[in-house]
Every structure is written in structure tokens, then in C-alpha cells.
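Peer 1: Next up, coords.tsv (TSV, C-alpha atoms and all ligand atoms).
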```
chain	number	residue	atom	x	y	z
A	8	MET	CA	-47.97	-0.09	58.00
A	9	SER	CA	-47.73	-3.86	57.75
A	10	ARG	CA	-48.03	-6.09	60.82
A	11	LYS	CA	-46.04	-9.23	61.42
A	12	VAL	CA	-48.01	-12.48	61.46
A	13	ALA	CA	-46.92	-16.05	62.21
A	14	LEU	CA	-48.65	-19.00	60.57
A	15	VAL	CA	-49.06	-22.14	62.66
A	16	GLY	CA	-49.69	-25.49	60.92
A	17	ILE	CA	-48.12	-25.46	57.47
A	18	GLY	CA	-50.48	-27.81	55.67
A	19	LYS	CA	-52.89	-27.62	52.75
A	20	ILE	CA	-54.86	-24.49	53.59
A	21	ALA	CA	-51.80	-22.58	54.83
A	22	ARG	CA	-49.99	-23.17	51.53
A	23	ASP	CA	-53.02	-22.83	49.22
A	24	GLN	CA	-54.58	-19.69	50.74
A	25	HIS	CA	-52.93	-18.12	53.79
A	26	VAL	CA	-49.40	-17.71	52.39
A	27	PRO	CA	-50.49	-16.13	49.06
A	28	SER	CA	-53.12	-13.92	50.75
A	29	ILE	CA	-50.57	-12.57	53.23
A	30	ALA	CA	-47.99	-12.05	50.47
A	31	ALA	CA	-50.49	-10.04	48.39
A	32	SER	CA	-51.62	-7.80	51.25
A	33	PRO	CA	-50.05	-4.47	52.22
A	34	ASP	CA	-51.43	-5.04	55.76
A	35	TRP	CA	-49.32	-8.11	56.52
A	36	GLU	CA	-45.83	-9.57	56.54
A	37	LEU	CA	-45.32	-13.31	57.05
A	38	ALA	CA	-42.63	-13.18	59.75
A	39	ALA	CA	-42.42	-16.82	60.89
A	40	THR	CA	-44.00	-20.26	60.70
A	41	VAL	CA	-44.60	-22.94	63.33
A	42	SER	CA	-44.88	-26.48	62.07
A	43	ARG	CA	-43.50	-29.89	62.97
A	44	HIS	CA	-42.75	-30.71	59.32
A	45	GLY	CA	-43.50	-27.80	57.03
A	46	SER	CA	-41.82	-24.46	56.27
A	47	ILE	CA	-42.01	-21.65	53.72
A	48	ASP	CA	-38.93	-20.63	51.76
A	49	GLY	CA	-37.30	-17.50	53.13
A	50	VAL	CA	-39.41	-17.39	56.32
A	51	GLU	CA	-38.03	-18.17	59.78
A	52	ALA	CA	-39.34	-21.60	60.81
A	53	PHE	CA	-40.05	-22.75	64.37
A	54	ALA	CA	-41.00	-26.29	65.39
A	55	ASP	CA	-42.56	-25.03	68.59
A	56	LEU	CA	-44.90	-22.08	69.29
A	57	ASP	CA	-43.49	-21.32	72.76
A	58	ALA	CA	-40.04	-20.72	71.24
A	59	LEU	CA	-41.54	-18.23	68.79
A	60	LEU	CA	-43.53	-16.42	71.49
A	61	GLU	CA	-40.39	-16.06	73.62
A	62	THR	CA	-37.96	-14.96	70.93
A	63	ARG	CA	-40.15	-12.91	68.56
A	64	PRO	CA	-42.01	-10.24	70.57
A	65	ASP	CA	-42.26	-8.24	67.32
A	66	ILE	CA	-44.81	-10.74	65.95
A	67	GLU	CA	-48.21	-9.36	67.03
A	68	VAL	CA	-50.54	-11.84	65.36
A	69	VAL	CA	-50.71	-15.64	65.29
A	70	SER	CA	-52.87	-17.28	62.60
A	71	LEU	CA	-53.74	-20.91	63.34
A	72	CYS	CA	-54.19	-23.24	60.36
A	73	LEU	CA	-54.18	-26.49	62.32
A	74	PRO	CA	-57.00	-29.02	62.42
A	75	PRO	CA	-59.56	-28.20	65.16
A	76	VAL	CA	-58.53	-30.62	67.91
A	77	PRO	CA	-54.96	-29.40	68.53
A	78	ARG	CA	-55.89	-25.74	67.98
A	79	TYR	CA	-57.02	-24.75	71.50
A	80	ALA	CA	-53.64	-25.24	73.20
A	81	TYR	CA	-51.89	-23.16	70.53
A	82	ALA	CA	-54.53	-20.41	70.70
A	83	ALA	CA	-54.42	-20.29	74.50
A	84	ALA	CA	-50.60	-20.01	74.50
A	85	ALA	CA	-50.69	-17.17	71.97
A	86	LEU	CA	-53.40	-15.26	73.87
A	87	LYS	CA	-51.56	-15.69	77.19
A	88	ALA	CA	-48.55	-14.14	75.46
A	89	SER	CA	-50.82	-11.18	74.49
A	90	ARG	CA	-50.85	-11.94	70.76
A	91	HIS	CA	-53.88	-11.40	68.54
A	92	VAL	CA	-55.25	-14.70	67.22
A	93	MET	CA	-56.91	-15.68	63.94
A	94	LEU	CA	-58.61	-19.09	63.91
A	95	GLU	CA	-59.29	-21.30	60.86
A	96	LYS	CA	-62.78	-22.74	60.76
A	97	PRO	CA	-64.16	-24.41	62.83
A	98	PRO	CA	-62.78	-22.18	65.61
A	99	GLY	CA	-62.26	-25.11	67.97
A	100	ALA	CA	-63.16	-28.69	68.73
A	101	THR	CA	-65.88	-27.74	71.23
A	102	LEU	CA	-68.05	-24.71	71.90
A	103	SER	CA	-66.82	-24.36	75.47
A	104	GLU	CA	-63.19	-24.08	74.41
A	105	CYS	CA	-64.20	-21.34	71.95
A	106	HIS	CA	-65.96	-19.45	74.77
A	107	ALA	CA	-62.83	-19.88	76.92
A	108	LEU	CA	-60.63	-18.46	74.15
A	109	GLU	CA	-62.89	-15.44	73.74
A	110	ALA	CA	-62.72	-14.78	77.50
A	111	MET	CA	-58.91	-15.07	77.41
A	112	ALA	CA	-58.73	-12.57	74.54
A	113	ARG	CA	-60.91	-10.10	76.46
A	114	ASP	CA	-58.74	-10.52	79.57
A	115	ALA	CA	-55.56	-9.99	77.56
A	116	GLY	CA	-57.04	-7.02	75.65
A	117	VAL	CA	-56.24	-8.56	72.26
A	118	SER	CA	-58.28	-9.43	69.16
A	119	ILE	CA	-59.57	-12.88	68.28
A	120	PHE	CA	-61.26	-13.76	64.98
A	121	ALA	CA	-63.23	-16.95	64.35
A	122	THR	CA	-62.98	-16.91	60.57
A	123	TRP	CA	-65.63	-18.39	58.26
A	124	HIS	CA	-64.05	-18.22	54.82
A	125	SER	CA	-67.23	-19.17	52.95
A	126	ARG	CA	-68.96	-16.05	54.25
A	127	GLU	CA	-66.42	-14.13	52.14
A	128	ALA	CA	-67.52	-15.87	48.91
A	129	ALA	CA	-68.28	-13.32	46.21
A	130	GLN	CA	-72.11	-13.35	46.26
A	131	VAL	CA	-72.89	-13.97	49.94
A	132	ASP	CA	-73.35	-10.29	50.82
A	133	MET	CA	-75.63	-9.75	47.82
A	134	ALA	CA	-77.75	-12.76	48.83
A	135	ARG	CA	-78.01	-11.39	52.36
A	136	THR	CA	-79.10	-7.98	51.10
A	137	TRP	CA	-81.74	-9.46	48.76
A	138	LEU	CA	-83.20	-11.77	51.43
A	139	LYS	CA	-83.41	-9.06	54.08
A	140	ASP	CA	-86.96	-7.88	53.26
A	141	LYS	CA	-88.37	-11.08	51.68
A	142	ARG	CA	-90.70	-13.56	53.31
A	143	LEU	CA	-88.95	-16.92	53.31
A	144	HIS	CA	-90.99	-20.02	52.40
A	145	ALA	CA	-88.18	-22.60	52.24
A	146	LEU	CA	-84.42	-22.93	52.17
A	147	SER	CA	-82.48	-26.02	51.16
A	148	VAL	CA	-78.75	-26.70	51.23
A	149	ASN	CA	-77.05	-29.32	49.06
A	150	TRP	CA	-73.35	-29.67	49.86
A	151	LYS	CA	-72.09	-32.79	48.08
A	152	GLU	CA	-68.44	-33.41	47.31
A	153	ASP	CA	-65.94	-36.23	46.85
A	154	VAL	CA	-63.91	-36.61	50.05
A	155	ARG	CA	-61.19	-38.50	48.16
A	156	ARG	CA	-60.63	-35.46	45.95
A	157	TRP	CA	-60.62	-32.75	48.64
A	158	HIS	CA	-59.17	-34.48	51.72
A	159	PRO	CA	-56.69	-37.12	50.52
A	160	GLY	CA	-54.65	-38.59	53.37
A	161	GLN	CA	-56.22	-36.35	56.04
A	162	ASP	CA	-56.74	-38.84	58.89
A	163	TRP	CA	-57.79	-36.13	61.37
A	164	ILE	CA	-61.12	-35.49	59.62
A	165	TRP	CA	-62.11	-39.10	60.34
A	166	GLN	CA	-61.08	-38.96	64.00
A	167	ALA	CA	-63.30	-37.73	66.86
A	168	GLY	CA	-63.35	-33.93	66.79
A	169	GLY	CA	-62.45	-33.85	63.08
A	170	LEU	CA	-66.12	-33.26	62.12
A	171	GLY	CA	-66.21	-35.58	59.09
A	172	VAL	CA	-68.64	-34.24	56.47
A	173	PHE	CA	-69.40	-31.28	58.75
A	174	ASP	CA	-65.90	-29.96	57.90
A	175	PRO	CA	-67.32	-28.73	54.55
A	176	GLY	CA	-70.91	-28.69	55.84
A	177	ILE	CA	-70.10	-26.02	58.42
A	178	ASN	CA	-69.14	-23.76	55.49
A	179	ALA	CA	-72.71	-24.02	54.19
A	180	LEU	CA	-74.04	-23.29	57.68
A	181	SER	CA	-71.76	-20.26	57.94
A	182	ILE	CA	-73.40	-18.88	54.78
A	183	VAL	CA	-76.95	-19.74	55.89
A	184	THR	CA	-76.42	-18.02	59.24
A	185	ARG	CA	-75.09	-14.96	57.42
A	186	ILE	CA	-77.77	-14.57	54.75
A	187	LEU	CA	-80.93	-15.33	56.75
A	188	PRO	CA	-82.34	-12.35	58.62
A	189	ASP	CA	-83.90	-14.63	61.28
A	190	PRO	CA	-82.26	-17.17	63.59
A	191	ILE	CA	-82.97	-20.89	63.06
A	192	HIS	CA	-82.46	-23.91	65.27
A	193	LEU	CA	-81.97	-27.58	64.57
A	194	THR	CA	-84.93	-29.90	65.19
A	195	ALA	CA	-83.74	-33.22	63.70
A	196	ALA	CA	-80.70	-34.78	62.07
A	197	THR	CA	-79.51	-38.10	60.68
A	198	LEU	CA	-75.77	-38.75	60.68
A	199	GLU	CA	-74.27	-41.59	58.63
A	200	PHE	CA	-71.07	-43.02	60.12
A	201	PRO	CA	-68.90	-45.46	58.14
A	202	GLU	CA	-68.41	-48.56	60.30
A	203	ASN	CA	-64.64	-48.00	60.44
A	204	ARG	CA	-64.65	-44.23	61.14
A	205	GLU	CA	-65.36	-41.90	64.11
A	206	THR	CA	-66.98	-39.08	62.13
A	207	PRO	CA	-69.91	-38.99	59.66
A	208	ILE	CA	-69.61	-39.28	55.88
A	209	ALA	CA	-73.11	-37.84	55.30
A	210	ALA	CA	-75.74	-35.92	57.24
A	211	SER	CA	-79.22	-34.51	56.74
A	212	LEU	CA	-80.53	-31.73	58.95
A	213	THR	CA	-83.89	-30.07	59.56
A	214	PHE	CA	-84.31	-26.68	61.22
A	215	ALA	CA	-87.14	-24.65	62.74
A	216	HIS	CA	-87.66	-21.11	61.43
A	217	PRO	CA	-89.59	-18.40	63.33
A	218	HIS	CA	-92.11	-17.92	60.47
A	219	GLY	CA	-92.44	-21.63	59.77
A	220	ALA	CA	-90.28	-21.75	56.61
A	221	GLY	CA	-89.02	-25.26	55.83
A	222	ILE	CA	-85.23	-25.33	56.27
A	223	SER	CA	-83.14	-28.39	55.41
A	224	ALA	CA	-79.56	-29.33	54.60
A	225	VAL	CA	-77.96	-32.39	53.06
A	226	PHE	CA	-74.20	-32.93	53.27
A	227	ASP	CA	-72.60	-35.90	51.50
A	228	TRP	CA	-68.97	-36.83	50.93
A	229	ARG	CA	-69.72	-39.68	48.48
A	230	GLN	CA	-70.39	-37.47	45.46
A	231	ASP	CA	-69.17	-38.66	42.07
A	232	GLY	CA	-69.03	-36.34	39.07
A	233	ASP	CA	-70.07	-32.72	39.52
A	234	GLN	CA	-69.41	-31.27	42.93
A	235	ILE	CA	-72.42	-29.45	44.40
A	236	TRP	CA	-72.30	-26.55	46.85
A	237	THR	CA	-75.75	-24.98	46.50
A	238	ILE	CA	-78.18	-23.03	48.69
A	239	GLU	CA	-81.69	-22.35	47.37
A	240	ALA	CA	-84.11	-19.97	49.09
A	241	VAL	CA	-87.76	-19.77	47.99
A	242	THR	CA	-89.44	-16.50	48.98
A	243	ASP	CA	-92.57	-14.44	48.31
A	244	ALA	CA	-90.55	-12.56	45.67
A	245	GLY	CA	-89.11	-15.59	43.92
A	246	THR	CA	-86.18	-17.97	44.23
A	247	LEU	CA	-82.58	-17.16	45.05
A	248	VAL	CA	-79.90	-19.73	44.26
A	249	LEU	CA	-76.30	-19.53	45.43
A	250	THR	CA	-74.00	-22.01	43.68
A	251	ASP	CA	-70.29	-22.87	43.75
A	252	GLY	CA	-70.16	-22.30	47.50
A	253	GLY	CA	-71.48	-18.74	47.24
A	254	ALA	CA	-69.37	-17.63	44.28
A	255	LYS	CA	-72.39	-17.40	41.94
A	256	LEU	CA	-75.91	-16.08	42.42
A	257	ALA	CA	-79.13	-16.29	40.41
A	258	ILE	CA	-82.48	-14.72	41.29
A	259	ASN	CA	-85.55	-16.06	39.52
A	260	GLY	CA	-83.27	-17.82	37.07
A	261	GLU	CA	-81.30	-14.71	36.14
A	262	ALA	CA	-77.57	-14.69	36.89
A	263	ARG	CA	-76.78	-11.58	38.92
A	264	THR	CA	-73.06	-11.36	38.25
A	265	GLU	CA	-70.32	-12.94	36.24
A	266	THR	CA	-67.52	-14.40	38.30
A	267	ASP	CA	-64.04	-15.25	37.12
A	268	ALA	CA	-63.80	-18.97	36.64
A	269	ASP	CA	-60.09	-19.30	37.33
A	270	GLY	CA	-60.41	-22.76	38.83
A	271	ASN	CA	-59.85	-21.53	42.38
A	272	PRO	CA	-63.01	-22.37	44.34
A	273	LEU	CA	-62.04	-20.08	47.26
A	274	GLN	CA	-61.18	-17.07	45.09
A	275	GLY	CA	-60.97	-13.86	47.10
A	276	GLU	CA	-62.16	-15.38	50.36
A	277	TYR	CA	-58.87	-15.42	52.26
A	278	PRO	CA	-57.69	-11.95	51.18
A	279	ARG	CA	-60.99	-10.62	52.57
A	280	LEU	CA	-60.46	-12.54	55.84
A	281	TYR	CA	-56.99	-11.03	56.27
A	282	ALA	CA	-58.34	-7.55	55.50
A	283	LYS	CA	-60.97	-8.07	58.23
A	284	MET	CA	-58.31	-9.29	60.67
A	285	ALA	CA	-56.29	-6.13	59.97
A	286	ASP	CA	-59.39	-4.04	60.79
A	287	LEU	CA	-60.08	-6.00	63.98
A	288	VAL	CA	-56.52	-5.56	65.25
A	289	ARG	CA	-56.58	-1.85	64.36
A	290	GLU	CA	-59.88	-1.35	66.21
A	291	GLY	CA	-59.18	-3.74	69.10
A	292	GLY	CA	-62.20	-5.83	68.05
A	293	ILE	CA	-63.32	-9.40	68.71
A	294	ASP	CA	-65.31	-11.48	66.20
A	295	MET	CA	-66.30	-14.87	67.58
A	296	ASP	CA	-69.62	-15.74	65.92
A	297	LEU	CA	-70.13	-19.39	66.86
A	298	SER	CA	-73.57	-19.83	65.26
A	299	PRO	CA	-72.42	-22.22	62.46
A	300	MET	CA	-70.70	-24.40	65.05
A	301	THR	CA	-73.73	-24.35	67.36
A	302	HIS	CA	-75.80	-26.04	64.62
A	303	VAL	CA	-73.11	-28.69	64.14
A	304	ALA	CA	-72.92	-29.32	67.89
A	305	ASP	CA	-76.73	-29.63	67.97
A	306	ALA	CA	-76.59	-32.17	65.13
A	307	PHE	CA	-74.13	-34.28	67.11
A	308	LEU	CA	-76.39	-33.90	70.21
A	309	LEU	CA	-79.72	-34.62	68.58
A	310	GLY	CA	-78.78	-36.61	65.49
A	311	ARG	CA	-79.90	-40.17	64.84
A	312	ARG	CA	-76.82	-42.26	64.07
A	313	VAL	CA	-76.83	-44.75	61.22
A	314	ALA	CA	-73.92	-47.12	60.46
A	315	VAL	CA	-73.04	-47.31	56.76
A	316	GLU	CA	-70.42	-49.24	54.82
A	317	SER	CA	-66.77	-48.77	55.72
A	318	PHE	CA	-64.87	-46.00	53.97
A	319	ASN	CA	-61.38	-46.69	52.65
A	320	GLU	CA	-59.36	-44.26	50.55
A	401	LIG	P1	-53.83	-30.41	57.00
A	401	LIG	O1	-53.10	-30.02	55.77
A	401	LIG	O2	-54.14	-31.85	57.20
A	401	LIG	O3	-53.13	-29.96	58.34
A	401	LIG	C1	-52.59	-28.68	58.57
A	401	LIG	C2	-51.32	-28.77	59.41
A	401	LIG	O4	-51.65	-28.88	60.79
A	401	LIG	C3	-50.48	-30.00	59.13
A	401	LIG	O5	-49.66	-29.75	58.02
A	401	LIG	C4	-49.71	-30.20	60.41
A	401	LIG	O6	-48.47	-29.55	60.31
A	401	LIG	C5	-50.57	-29.54	61.46
A	401	LIG	N1	-51.13	-30.57	62.36
A	401	LIG	C6	-51.92	-31.60	62.04
A	401	LIG	N2	-52.26	-32.29	63.15
A	401	LIG	C7	-51.63	-31.70	64.16
A	401	LIG	C8	-51.55	-31.96	65.55
A	401	LIG	N3	-52.21	-32.99	66.11
A	401	LIG	N4	-50.83	-31.15	66.31
A	401	LIG	C9	-50.17	-30.11	65.77
A	401	LIG	N5	-50.19	-29.81	64.45
A	401	LIG	C10	-50.92	-30.60	63.67
A	401	LIG	O7	-55.21	-29.62	57.11
A	401	LIG	P2	-55.79	-28.42	56.26
A	401	LIG	O8	-56.55	-28.96	55.11
A	401	LIG	O9	-54.76	-27.41	55.99
A	401	LIG	O10	-56.88	-27.89	57.29
A	401	LIG	C11	-56.54	-27.18	58.46
A	401	LIG	C12	-57.76	-26.37	58.89
A	401	LIG	O11	-58.12	-25.50	57.81
A	401	LIG	C13	-58.99	-27.23	59.18
A	401	LIG	O12	-59.68	-26.74	60.31
A	401	LIG	C14	-59.84	-27.09	57.92
A	401	LIG	O13	-61.23	-27.21	58.19
A	401	LIG	C15	-59.48	-25.69	57.48
A	401	LIG	N6	-59.67	-25.48	56.04
A	401	LIG	C16	-59.15	-26.34	55.12
A	401	LIG	C17	-59.41	-26.15	53.76
A	401	LIG	C18	-58.83	-27.06	52.70
A	401	LIG	O14	-59.14	-26.85	51.51
A	401	LIG	N7	-58.00	-28.03	53.01
A	401	LIG	C19	-60.20	-25.08	53.35
A	401	LIG	C20	-60.68	-24.20	54.30
A	401	LIG	C21	-60.41	-24.41	55.64
A	401	LIG	P3	-47.14	-30.20	60.94
A	401	LIG	O15	-47.36	-31.70	61.03
A	401	LIG	O16	-46.05	-29.84	60.02
A	401	LIG	O17	-47.01	-29.58	62.28
```
Take the structure in the file and write it out as C-alpha cells.

Peer 2:
Amino acid sequence: MSRKVALVGIGKIARDQHVPSIAASPDWELAATVSRHGSIDGVEAFADLDALLETRPDIEVVSLCLPPVPRYAYAAAALKASRHVMLEKPPGATLSECHALEAMARDAGVSIFATWHSREAAQVDMARTWLKDKRLHALSVNWKEDVRRWHPGQDWIWQAGGLGVFDPGINALSIVTRILPDPIHLTAATLEFPENRETPIAASLTFAHPHGAGISAVFDWRQDGDQIWTIEAVTDAGTLVLTDGGAKLAINGEARTETDADGNPLQGEYPRLYAKMADLVREGGIDMDLSPMTHVADAFLLGRRVAVESFNE
């Protein structure tokens, strides 16, 4: 049986990933959209979520593809109307609003899912399994991409609450918090803010690990040439390297799997998220792991701020 889902915020990620993933899944039917400007051919379009909630009681699930700052009000309205809610990453603009949403979902007896699409990358589970019984010596993240290529015209990422380079960086942290068997916490950070922007263009982070392993991350949006989304873990049994955002894995220099290079960097991630959402709704479950966002919040709390040259598109 397929369930009816409404997509809210018809922008880049809705069109690139959510719409095709829903269309390809037997679990889901795209029943409506909510967007001030966008729509999908053949799907009922609303400009306002309240109108949808009032007139379409048959739609059980609302999937929010908005930027983080406006998302809370939409999520709260959907939960108050007893709809299940799926949240794009990051699940909100602040941790406390995410906690509030989880409490609302519990009160309403509905499911809420804070999705982390990068955790669904092809090799993340294999990396987690391999690291489970290894002694970690060091882990380093390099997440370096060209913001002009991936976020053209997106003003919200440069405005307070838009996260800046942590918008991709939180994807790396979602993988790290999935593959490491032990919890880590941030001990130092440096955030580089362009003089004309409210969010950072680069950041470097250091974490404490319970066994003293050295954990660090570098995020940079000023990358020319090859784009780098790599996590390297050095252990007592050798070195594990995840590349392409978790799509490829090598252990001690040996590639573990071949992946289809079809040019889609998020291949398979969103279909797996929608399959998980179908399971959550079926089981009445809640999945609100906020650990990637906690590290980002800590970086904003503890980070040393450095002004760097203005950024203009
Ligand atoms: P986007 O294209 O800039 O925005 C998505 C849509 O949100 C817009 O089309 C807009 O639709 C609506 N919106 C924007 N600001 C709004 C506001 N203040 N109030 C109400 N609606 C607003 O952004 P995106 O790239 O799709 O990203 C959306 C979320 O997905 C972000 O949290 C991002 O981190 C995540 N994400 C993005 C990507 C990616 O590759 N872009 C990948 C993974 C995850 P209307 O103006 O028509 O209402």
C-alpha cells in the first residue's frame, strides 16, 4: 500500500532527489506540493501549508525540503495536524526547536524523522562494521567543495541560521557519528567568516575521543578543481578511507567495492531515506538523532572567529 506524501519547499533538493525517489518507490505517492513559487507537473499545488492540512486529510506525511530557518513553523503546523513529518538536514535552525518538534510528535502520536542523507551513502554501513572492533588512532575529515558550483544564488546559506560551510560539513559529521563506535566531543574550532557574510566559508574542528585518538575536520567552500569529500580513519588494523562522500571505500589501499559512477553524487541516498520513513510510519517510530547538529552548535559556541576576505558570487 502506498501512502500519500506532500513535499514542502519545491527547490533544488526537492526536484533533484525527493520527487524522483518518491516516484520510484512503491511505498509513496506524491499527492501535493506546498511552495510559494514552485510546482510539479500533474501534482496538486498549494501556496500555503495550512490550506493543504485543512483540505487534504488523506495526506498522512509531510516532507519538508525548506532551508532550516523557516522549517520549524511548517513542521509544528504539520505535527499539530497529526501528520508524520520528514525533515531535510539539518533538522532545524536550533537544537531546542528540534527537541520541541520531537516532543510535539510524541504528544501527537506520529512519526518524525531527522534525515541525514549522507549516512545512506553506499559504503557508510560497511565502514561502520569494519571500525566496530578496531582501535582508532586518528580520524581526519576533509570536506572541500566550490560553493559557487553547488549553491549558486542560495542567499539563505549566507544568512544567520543558514550554516554556511557547515551545510555540507554537517553531512561529514553525520557520517562520522554513524561510523565511530565511541562518542566524541568538540574541543576547539576556528571559523572563517567572509567580511560581508553572516555564516562561515571555512572551518577547522578538533574533537576529544575517549581513547585519545586524534580527531579533526576541515571544511572549506573555496575549493578549485577536484572536489574532496573524504574521511580517513587510522586504526590498529590499518587505514580506512571513505571518499566521494561515503560512496567509495578503501581499506589498506584496497578498494572494497565498485560503485556506479553515473555522475549523481547522492546516488541511492534518498530512496533509502524514503524507505526508512515508510518503516518509521509503519512502526510508529521516531528517529531524531541530533548528534551531527550538536557538534555544529558546539563549533558555533566554542569556535574562534576569523574575518576573511569578502565573498561575492
Ligand atoms: P533551495 O532550493 O534554495 O530552497 C528550497 C525551497 O525552499 C525554495 O525553492 C523555496 O520555495 C523554499 N524557501 C526558501 N526560503 C523560504 C522561506 N524563508 N520560507 C518558506 N519557504 C522558503 O534549497 P535546497 O538546496 O533545496 O535546500 C533545502 C534543504 O535541503 C537545506 O536544508 C539543504 O541543506 C538540504 N539539502 C540540499 C541539497 C542540495 O544539493 N541542494 C542536498 C542535500 C540536502 P518557494 O520560494 O517556492 O516557497

Peer 1: Mind dumping a table of every chain A residue within 8 Å of ligand LIG 401 (chain A), with the nearest atom pair and its distance in Å to one decimal, using all atoms listed in the file, sorted by chain and rising number, as a tab-separated table?

Peer 2:
```
residue	atom	partner	partner_atom	distance
A:Val15	CA	A:LIG401	O4	7.5
A:Gly16	CA	A:LIG401	O4	3.9
A:Ile17	CA	A:LIG401	O5	4.6
A:Gly18	CA	A:LIG401	O5	3.2
A:Lys19	CA	A:LIG401	O9	3.7
A:Ile20	CA	A:LIG401	O9	3.8
A:Ala21	CA	A:LIG401	O9	5.8
A:Arg22	CA	A:LIG401	O9	7.8
A:Asp23	CA	A:LIG401	O14	7.7
A:Val41	CA	A:LIG401	O17	7.1
A:Ser42	CA	A:LIG401	O17	3.8
A:Arg43	CA	A:LIG401	O17	3.6
A:His44	CA	A:LIG401	O16	3.5
A:Gly45	CA	A:LIG401	O16	4.4
A:Ser46	CA	A:LIG401	O16	7.8
A:Ala54	CA	A:LIG401	O17	7.5
A:Cys72	CA	A:LIG401	C11	5.0
A:Leu73	CA	A:LIG401	O4	3.8
A:Pro74	CA	A:LIG401	O12	4.1
A:Pro75	CA	A:LIG401	O12	5.1
A:Val76	CA	A:LIG401	N3	7.0
A:Pro77	CA	A:LIG401	N4	5.0
A:Arg78	CA	A:LIG401	C9	7.5
A:Glu95	CA	A:LIG401	O11	5.3
A:Lys96	CA	A:LIG401	O12	5.1
A:Pro97	CA	A:LIG401	O12	5.6
A:Pro98	CA	A:LIG401	O12	7.6
A:His124	CA	A:LIG401	C20	6.9
A:Trp157	CA	A:LIG401	O14	6.7
A:His158	CA	A:LIG401	N7	6.7
A:Gly160	CA	A:LIG401	O2	7.8
A:Gln161	CA	A:LIG401	O2	5.1
A:Asp162	CA	A:LIG401	O2	7.6
A:Trp163	CA	A:LIG401	N2	7.0
A:Asp174	CA	A:LIG401	O13	5.4
A:Pro175	CA	A:LIG401	O13	7.3
```

Peer 1: Could you tell me how far atom CA of A:Thr101 sits from atom CA of A:Glu316, in Å to one decimal place?

Peer 2: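 So the answer is 27.4 Å.
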
Peer 1: Counting only C-alpha atoms, which of A:Lys141, A:Arg63, A:Arg185, A:Arg126 gets nearest to A:Tyr277?

Peer 2: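 Going through A:Lys141, A:Arg63, A:Arg185, A:Arg126 one by one, the smallest distance to A:Tyr277 is for A:Arg126.
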
Peer 1: A:Ala128: which residues within 9 Å, counting all atoms listed in the file, same-chain residues fewer than 5 positions away excluded, as a PyMOL selection string?

Peer 2: chain A and resi 182+252-255+273-276

Peer 1: Give as a list in words each residue that has an atom at most 6 Å from (-70.3, -36.8, 48.5) in the file, counting all atoms listed in the file.

Peer 2: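 Using all atoms listed in the file, the matching residues come out as Lys151, Glu152, Asp153, Asp227, Trp228, Arg229 and Gln230 of chain A.
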
Peer 1: Produce a file of the selected residues containing C-alpha atoms, as a compact mmCIF listing (two decimals), in the frame of the given file.

Peer 2:
```
# COMPACT_ATOMS: atom_id res chain seq x y z
CA LYS A 151 -72.09 -32.79 48.08
CA GLU A 152 -68.44 -33.41 47.31
CA ASP A 153 -65.94 -36.23 46.85
CA ASP A 227 -72.60 -35.90 51.50
CA TRP A 228 -68.97 -36.83 50.93
CA ARG A 229 -69.72 -39.68 48.48
CA GLN A 230 -70.39 -37.47 45.46
```

Peer 1: I want to know what sits within 10 Å of A:Leu280, based on only C-alpha atoms, with residues of the same chain fewer than 2 positions away left out; could you give that as an MDAnalysis selection string?

Peer 2: chainID A and resid 25 28 93 120:127 275:278 282:286

Peer 1: Please output stretch 43-56 of chain A, rebuilt to include N, CA and C atoms, as an mmCIF file, keeping the file's coordinate frame.

Peer 2:
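Heads up, here's the output in selection-v3.cif:
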```cif
data_model
loop_
_atom_site.group_PDB
_atom_site.id
_atom_site.type_symbol
_atom_site.label_atom_id
_atom_site.label_comp_id
_atom_site.auth_asym_id
_atom_site.auth_seq_id
_atom_site.Cartn_x
_atom_site.Cartn_y
_atom_site.Cartn_z
ATOM 1 N N ARG A 43 -44.406 -28.786 62.632
ATOM 2 C CA ARG A 43 -43.500 -29.890 62.970
ATOM 3 C C ARG A 43 -42.778 -30.385 61.725
ATOM 4 N N HIS A 44 -43.369 -30.192 60.543
ATOM 5 C CA HIS A 44 -42.750 -30.710 59.320
ATOM 6 C C HIS A 44 -42.600 -29.676 58.205
ATOM 7 N N GLY A 45 -43.488 -28.689 58.188
ATOM 8 C CA GLY A 45 -43.500 -27.800 57.030
ATOM 9 C C GLY A 45 -42.774 -26.485 57.271
ATOM 10 N N SER A 46 -42.406 -25.813 56.178
ATOM 11 C CA SER A 46 -41.820 -24.460 56.270
ATOM 12 C C SER A 46 -42.081 -23.763 54.941
ATOM 13 N N ILE A 47 -41.831 -22.453 54.945
ATOM 14 C CA ILE A 47 -42.010 -21.650 53.720
ATOM 15 C C ILE A 47 -40.661 -21.028 53.394
ATOM 16 N N ASP A 48 -40.243 -21.158 52.159
ATOM 17 C CA ASP A 48 -38.930 -20.630 51.760
ATOM 18 C C ASP A 48 -38.759 -19.176 52.165
ATOM 19 N N GLY A 49 -37.623 -18.879 52.797
ATOM 20 C CA GLY A 49 -37.300 -17.500 53.130
ATOM 21 C C GLY A 49 -37.967 -16.972 54.385
ATOM 22 N N VAL A 50 -38.705 -17.829 55.108
ATOM 23 C CA VAL A 50 -39.410 -17.390 56.320
ATOM 24 C C VAL A 50 -38.884 -18.184 57.509
ATOM 25 N N GLU A 51 -38.580 -17.474 58.609
ATOM 26 C CA GLU A 51 -38.030 -18.170 59.780
ATOM 27 C C GLU A 51 -39.009 -19.254 60.248
ATOM 28 N N ALA A 52 -38.474 -20.456 60.472
ATOM 29 C CA ALA A 52 -39.340 -21.600 60.810
ATOM 30 C C ALA A 52 -39.065 -22.052 62.247
ATOM 31 N N PHE A 53 -40.132 -22.207 63.020
ATOM 32 C CA PHE A 53 -40.050 -22.750 64.370
ATOM 33 C C PHE A 53 -40.783 -24.100 64.385
ATOM 34 N N ALA A 54 -40.292 -25.019 65.231
ATOM 35 C CA ALA A 54 -41.000 -26.290 65.390
ATOM 36 C C ALA A 54 -41.969 -26.203 66.560
ATOM 37 N N ASP A 55 -41.842 -25.104 67.324
ATOM 38 C CA ASP A 55 -42.560 -25.030 68.590
ATOM 39 C C ASP A 55 -43.053 -23.594 68.806
ATOM 40 N N LEU A 56 -44.332 -23.433 69.157
ATOM 41 C CA LEU A 56 -44.900 -22.080 69.290
ATOM 42 C C LEU A 56 -44.286 -21.326 70.468
#
```
